[in-house]
Each structure stands twice: as structure tokens, then as C-alpha cells.
>>> print(open('data_37.cif').read())   # mmCIF, C-alpha atoms
data_protein
#
loop_
_atom_site.label_atom_id
_atom_site.label_comp_id
_atom_site.auth_asym_id
_atom_site.auth_seq_id
_atom_site.Cartn_x
_atom_site.Cartn_y
_atom_site.Cartn_z
CA MET N 1 -22.12 8.40 7.35
CA GLY N 2 -20.29 5.28 6.20
CA TYR N 3 -17.07 3.54 7.13
CA LEU N 4 -13.60 4.98 6.53
CA TYR N 5 -10.56 2.88 5.60
CA GLU N 6 -6.98 4.02 5.26
CA MET N 7 -5.36 2.38 2.23
CA HIS N 8 -1.73 3.55 2.43
CA ALA N 9 0.07 3.57 5.79
CA HIS N 10 3.58 2.85 7.03
CA THR N 11 4.95 1.97 10.47
CA CYS N 12 8.37 2.88 11.82
CA ASP N 13 9.39 -0.65 12.77
CA VAL N 14 9.47 -1.77 9.12
CA SER N 15 9.47 1.16 6.69
CA PRO N 16 12.64 3.26 7.19
CA CYS N 17 10.67 6.38 6.23
CA GLY N 18 8.00 5.76 8.91
CA ARG N 19 8.05 7.67 12.18
CA VAL N 20 5.06 6.20 14.05
CA THR N 21 4.69 2.89 15.87
CA PRO N 22 1.91 0.49 14.88
CA GLU N 23 0.22 1.00 18.24
CA ARG N 24 0.24 4.77 17.91
CA LEU N 25 -1.05 4.51 14.33
CA VAL N 26 -4.04 2.53 15.56
CA ALA N 27 -4.76 5.10 18.28
CA LEU N 28 -4.57 7.98 15.78
CA TYR N 29 -6.93 6.37 13.29
CA LEU N 30 -9.37 5.38 15.99
CA ALA N 31 -9.47 9.00 17.13
CA ALA N 32 -9.96 10.13 13.52
CA GLY N 33 -13.06 7.96 13.16
CA TYR N 34 -11.69 5.31 10.81
CA SER N 35 -12.96 1.75 10.84
CA GLY N 36 -9.80 0.14 9.49
CA VAL N 37 -6.32 0.50 8.05
CA VAL N 38 -4.45 -1.46 5.41
CA ILE N 39 -0.82 -1.58 6.54
CA THR N 40 1.24 -1.09 3.38
CA ASN N 41 4.82 -1.11 4.60
CA HIS N 42 7.56 -0.95 1.99
CA LEU N 43 8.93 -4.14 0.49
CA SER N 44 12.03 -2.70 -1.14
CA ARG N 45 15.80 -2.63 -1.00
CA HIS N 46 15.58 0.18 1.56
CA VAL N 47 13.87 -2.08 4.10
CA TYR N 48 16.67 -4.65 3.93
CA ARG N 49 19.73 -2.42 3.52
CA GLU N 50 21.66 -4.29 6.20
CA ARG N 51 19.59 -7.46 6.02
CA GLU N 52 19.98 -8.67 2.43
CA ASP N 53 21.88 -11.73 3.60
CA TRP N 54 18.88 -12.90 5.63
CA PRO N 55 16.90 -15.87 4.27
CA TRP N 56 13.61 -14.91 2.67
CA GLU N 57 11.50 -16.33 5.50
CA GLN N 58 13.30 -14.11 8.00
CA LYS N 59 12.80 -11.09 5.74
CA VAL N 60 9.07 -11.81 5.61
CA ASP N 61 8.94 -12.11 9.40
CA TYR N 62 10.54 -8.69 9.62
CA PHE N 63 8.18 -7.19 7.03
CA LEU N 64 5.09 -8.52 8.82
CA ASN N 65 6.05 -7.06 12.19
CA GLY N 66 4.21 -3.74 11.73
CA TYR N 67 1.04 -5.43 10.49
CA ARG N 68 1.04 -7.96 13.31
CA ARG N 69 1.61 -5.33 15.99
CA ALA N 70 -1.14 -3.10 14.62
CA LYS N 71 -3.52 -6.06 14.57
CA GLU N 72 -2.65 -6.97 18.15
CA ALA N 73 -3.35 -3.39 19.27
CA GLY N 74 -7.06 -3.94 18.58
CA GLY N 75 -9.88 -1.51 18.00
CA LEU N 76 -9.64 -1.33 14.20
CA THR N 77 -9.87 -3.76 11.31
CA ILE N 78 -6.26 -4.21 10.21
CA LEU N 79 -5.55 -5.75 6.82
CA LEU N 80 -2.27 -6.68 5.18
CA GLY N 81 -1.01 -4.87 2.11
CA MET N 82 2.36 -3.72 0.84
CA GLU N 83 4.07 -1.03 -1.18
CA ILE N 84 6.51 -2.99 -3.29
CA THR N 85 9.42 -1.62 -5.31
CA PHE N 86 10.99 -3.99 -7.81
CA TRP N 87 14.65 -4.04 -8.73
CA GLU N 88 13.78 -2.89 -12.25
CA SER N 89 12.85 0.71 -11.31
CA ASP N 90 12.01 3.12 -8.49
CA ASN N 91 8.26 2.79 -9.10
CA ASP N 92 6.09 1.88 -6.10
CA TYR N 93 3.01 -0.35 -6.25
CA LEU N 94 0.30 -0.84 -3.65
CA VAL N 95 -0.95 -4.42 -3.36
CA TYR N 96 -4.27 -5.38 -1.76
CA GLY N 97 -5.66 -8.79 -0.84
CA LEU N 98 -2.26 -9.91 0.42
CA THR N 99 -1.81 -12.86 2.79
CA GLU N 100 1.09 -13.97 4.92
CA ASP N 101 1.20 -17.32 3.11
CA PHE N 102 1.56 -15.59 -0.27
CA LEU N 103 4.67 -13.76 0.95
CA TYR N 104 6.30 -16.84 2.44
CA GLU N 105 5.58 -19.06 -0.56
CA HIS N 106 6.77 -16.94 -3.51
CA GLY N 107 10.31 -15.93 -2.65
CA ASP N 108 11.82 -12.51 -3.25
CA LEU N 109 9.04 -10.74 -5.13
CA ARG N 110 11.25 -7.73 -5.82
CA GLU N 111 12.99 -9.75 -8.55
CA LEU N 112 9.86 -10.19 -10.66
CA GLY N 113 9.19 -6.75 -12.09
CA ILE N 114 5.69 -5.38 -12.60
CA ALA N 115 4.72 -7.50 -15.64
CA ARG N 116 5.55 -10.85 -14.03
CA PHE N 117 4.25 -9.78 -10.63
CA HIS N 118 0.91 -8.64 -12.04
CA ALA N 119 0.42 -12.03 -13.70
CA LEU N 120 1.14 -13.71 -10.36
CA ALA N 121 -1.18 -11.28 -8.57
CA GLN N 122 -4.03 -12.12 -10.93
CA LYS N 123 -3.60 -15.83 -10.24
CA ASN N 124 -3.81 -15.13 -6.51
CA GLN N 125 -6.74 -12.68 -6.55
CA LEU N 126 -4.66 -9.63 -5.62
CA LEU N 127 -5.15 -6.09 -6.87
CA VAL N 128 -2.15 -3.96 -7.92
CA PHE N 129 -2.29 -0.16 -7.97
CA GLN N 130 0.60 2.07 -8.99
CA ALA N 131 1.29 4.43 -6.10
CA HIS N 132 1.64 8.15 -6.85
CA PRO N 133 2.62 7.50 -10.51
CA PHE N 134 3.20 11.16 -11.39
CA ARG N 135 5.46 12.01 -8.47
CA ASN N 136 9.07 12.92 -9.29
CA ASN N 137 11.22 9.92 -10.25
CA MET N 138 8.21 7.72 -11.01
CA LYS N 139 7.53 6.30 -14.48
CA VAL N 140 4.11 5.51 -15.91
CA VAL N 141 3.82 1.84 -16.85
CA ASP N 142 1.71 0.01 -19.40
CA PRO N 143 -1.86 0.00 -17.99
CA GLN N 144 -2.24 -3.70 -18.86
CA PHE N 145 0.03 -4.49 -15.92
CA LEU N 146 -2.13 -2.56 -13.43
CA ASP N 147 -5.54 -2.95 -11.86
CA GLY N 148 -5.60 0.64 -10.74
CA ILE N 149 -3.84 3.85 -9.75
CA GLU N 150 -3.57 5.78 -6.50
CA THR N 151 -5.30 8.94 -7.70
CA ASN N 152 -5.26 10.73 -4.36
CA ASN N 153 -2.05 10.54 -2.38
CA GLY N 154 -2.41 12.71 0.73
CA ASN N 155 1.26 12.99 1.66
CA SER N 156 1.99 16.70 2.10
CA HIS N 157 5.75 16.19 1.76
CA HIS N 158 5.54 15.35 -1.96
CA ASP N 159 3.80 16.66 -5.05
CA SER N 160 2.00 13.57 -6.32
CA ARG N 161 0.14 15.46 -9.08
CA ASN N 162 -3.11 13.78 -8.15
CA THR N 163 -5.15 15.55 -10.83
CA ILE N 164 -2.96 14.08 -13.57
CA ALA N 165 -3.22 10.65 -11.95
CA GLN N 166 -7.03 10.92 -11.96
CA LEU N 167 -7.08 11.81 -15.65
CA TRP N 168 -4.72 8.94 -16.51
CA ALA N 169 -6.77 6.39 -14.55
CA ARG N 170 -10.00 7.44 -16.23
CA GLN N 171 -8.46 7.52 -19.69
CA HIS N 172 -7.32 3.92 -19.28
CA GLN N 173 -10.36 2.75 -17.27
CA LEU N 174 -8.32 1.78 -14.24
CA LEU N 175 -9.61 1.47 -10.69
CA GLU N 176 -8.80 4.32 -8.33
CA VAL N 177 -7.75 4.42 -4.69
CA SER N 178 -6.95 7.12 -2.15
CA GLY N 179 -4.47 6.92 0.70
CA SER N 180 -2.86 9.25 3.21
CA ASP N 181 0.60 7.78 2.62
CA PHE N 182 0.92 7.93 6.39
CA HIS N 183 4.44 8.31 7.80
CA TYR N 184 4.15 11.05 10.45
CA GLU N 185 1.40 11.86 12.95
CA GLU N 186 0.39 14.90 10.90
CA ASP N 187 -0.34 12.59 7.93
CA VAL N 188 -3.32 10.95 9.63
CA ALA N 189 -6.67 11.01 7.80
CA ARG N 190 -5.45 12.71 4.63
CA GLY N 191 -6.91 10.02 2.41
CA GLY N 192 -8.76 6.74 2.31
CA ILE N 193 -12.01 5.27 1.03
CA LEU N 194 -15.55 5.70 2.32
CA LEU N 195 -17.75 2.61 2.18
CA PRO N 196 -21.47 2.11 2.90
CA GLN N 197 -20.79 -1.05 4.91
CA PRO N 198 -17.81 -2.32 6.92
CA VAL N 199 -15.22 -4.72 5.51
CA ALA N 200 -13.66 -7.40 7.65
CA ASN N 201 -11.38 -9.35 5.32
CA ASN N 202 -9.50 -9.27 2.01
CA GLN N 203 -12.38 -10.56 -0.07
CA GLU N 204 -14.69 -7.80 1.14
CA LEU N 205 -12.00 -5.17 0.63
CA LEU N 206 -11.30 -6.27 -2.95
CA ALA N 207 -15.01 -6.25 -3.76
CA ALA N 208 -15.25 -2.73 -2.32
CA LEU N 209 -12.32 -1.50 -4.41
CA ARG N 210 -13.87 -2.95 -7.56
CA SER N 211 -17.14 -1.18 -6.76
CA LYS N 212 -15.47 2.24 -7.17
CA PRO N 213 -15.82 3.58 -3.61
CA VAL N 214 -15.93 7.22 -2.57
CA LEU N 215 -12.35 8.50 -2.41
CA LEU N 216 -11.28 10.92 0.31
CA ALA N 217 -9.04 13.82 -0.65
CA ALA N 218 -6.67 15.49 1.80
CA THR N 219 -8.98 18.50 2.03
CA ASP N 220 -12.16 16.52 2.72
CA SER N 221 -13.83 17.28 6.04
CA ARG N 222 -15.86 14.69 7.92
#
>>> encode(input="data_37.cif", output="C-alpha cells")
Amino acid sequence: MGYLYEMHAHTCDVSPCGRVTPERLVALYLAAGYSGVVITNHLSRHVYREREDWPWEQKVDYFLNGYRRAKEAGGLTILLGMEITFWESDNDYLVYGLTEDFLYEHGDLRELGIARFHALAQKNQLLVFQAHPFRNNMKVVDPQFLDGIETNNGNSHHDSRNTIAQLWARQHQLLEVSGSDFHYEEDVARGGILLPQPVANNQELLAALRSKPVLLAATDSR
């Protein structure tokens, strides 16, 4: 049967677009038969609308709240990721392999832009995937600055043009990932990856992503 992992999920205490608490998210994914969730809350100007005067360390504390609460809820493997939006554009990027120390040590990552951030990510063994690159208002970037593309985005509130994303990823030999883009309860289990063995940490997750796992589409039944 395998092990299911959600790769794109937001919680309401951090992402302004989220509507579900970390604790409720864990309960929903447990009920759906998942083994783990990567919490990918937004790291963008929208998160800090009224908090831009905070010092960076305090901003990171705020950002980590959803991940920490989900982890404390127990029952699932919870890993830290993010969906970052740089100042340079409205593009969103999913980052895997993330650690708390990385966030605290590198200052406001939003200032870097995708080219500089990808170089930093490579030095720190992170993987960077462009999220829903063919959704309205997104711009395709040079593939050299990406490790992969989200080729199945399960969010029913947007047209992510997943088929085009799949073609683009394969044309440029990029890794692929699937995520529900979870914001509301009805978004649960509309994406993710299916693995033959469980993963318990970042290193195992990154190895699984590089191995080209089975991707779940929103219509898949389990």
C-alpha cells in the first residue's frame, strides 16, 4: 500500500489564507490515512503585513508556530518546509529540507530572489520547487534556478494547469512533486506523494523526492 505524505499544507495561525488550525490539520490527515505532512506555510509579505517592523528572529518565531503546533499534536511525521515569495515577483516556491536554524541564521530570505536563494539552498542541501508555475499571475523561471516543479497542485479554488506543468518539468528534466495546497478542510488529501517506506527526517524526504516518487492527483482514490 505504501506511505502517503502531504507536501503542500498551510495552517491558519501563520498563513493568512489558511482556515484550519495545525491540530485540526493533523486530525484530518490522520483520518485520511497519511503518514506525514510537510508544513509549508507562506513566507511572504502577506504573512507580515502588520509585522514588518519586527526583528527577523521574532518573524521566524511567528512563522514556525504552525509547524511546532502540528508537531506537538502528535500522530503524524511533521516536517518543516515553506512556500516563499520573494520581493522580486509574485512567484511561489516550495522548499524542502528546511531547518529552524537555517531560517534564524540567514536573515530575511525574501530579499534574495530565486537565483541567489537557489545557490544558498544548494549549499545547505535544500530542494526548491516552483509551486503551481502555470497558475494566473505566475511566471516561469529559468530551470537552472529550480530543482523541480509542483506538477500536481490539488487546490480546487485555482486553475494550476497541472498538465502544462508536467510537460514543462519533463522537458527540462526537473523533479516533480504533488501537493494538496491545503487551506480548507475540503482540501485534505487532494495531493501528495506515495512512498514504499516511511520517512522520518529531512534527509530521508529529500532522498525520496530525488527518487521520483509516485505522485497523487486530486482524483486518485486510495
>>> residues_around(input="data_37.cif", residues="N:Ala70", least_positions_apart="2", cutoff="9 Å", atoms="all atoms listed in the file", output="list in words")
Thr11, Thr21, Pro22, Glu23, Arg24, Leu25, Val26, Ile39, Asn65, Gly66, Tyr67, Arg68, Glu72, Ala73, Gly74, Leu76 and Ile78 of chain N
>>> residues_around(input="data_37.cif", residues="stretch 122-138 of chain N", least_positions_apart="5", cutoff="9 Å", atoms="all atoms listed in the file", output="NGL selection string")
:N and (83 or 89-98 or 102 or 117 or 145-153 or 158-162 or 164-165 or 174-177 or 203 or 206 or 209)
>>> residues_around(input="data_37.cif", residues="N:Leu216", least_positions_apart="3", cutoff="8 Å", atoms="all atoms listed in the file", output="ChimeraX atom specification")
/N:152,178-179,190-194,220
>>> closest_residue(input="data_37.cif", among="N:Tyr104, N:Trp168, N:Trp87, N:Tyr34", to="N:His46", atoms="all atoms listed in the file")
N:Trp87
>>> atom_distance(input="data_37.cif", atom1="atom CA of N:Leu205", atom2="atom CA of N:Lys71")
16.3 Å
>>> atom_distance(input="data_37.cif", atom1="atom CA of N:Leu28", atom2="atom CA of N:Gly154")
15.9 Å
>>> closest_residue(input="data_37.cif", among="N:Ser211, N:Val47, N:Cys12, N:Glu100", to="N:Asp61", atoms="only C-alpha atoms")
N:Glu100
>>> atom_distance(input="data_37.cif", atom1="atom CA of N:Asp142", atom2="atom CA of N:Glu88")
14.3 Å
>>> closest_residue(input="data_37.cif", among="N:His42, N:His106, N:Arg49, N:Gly33", to="N:Thr85", atoms="all atoms listed in the file")
N:His42
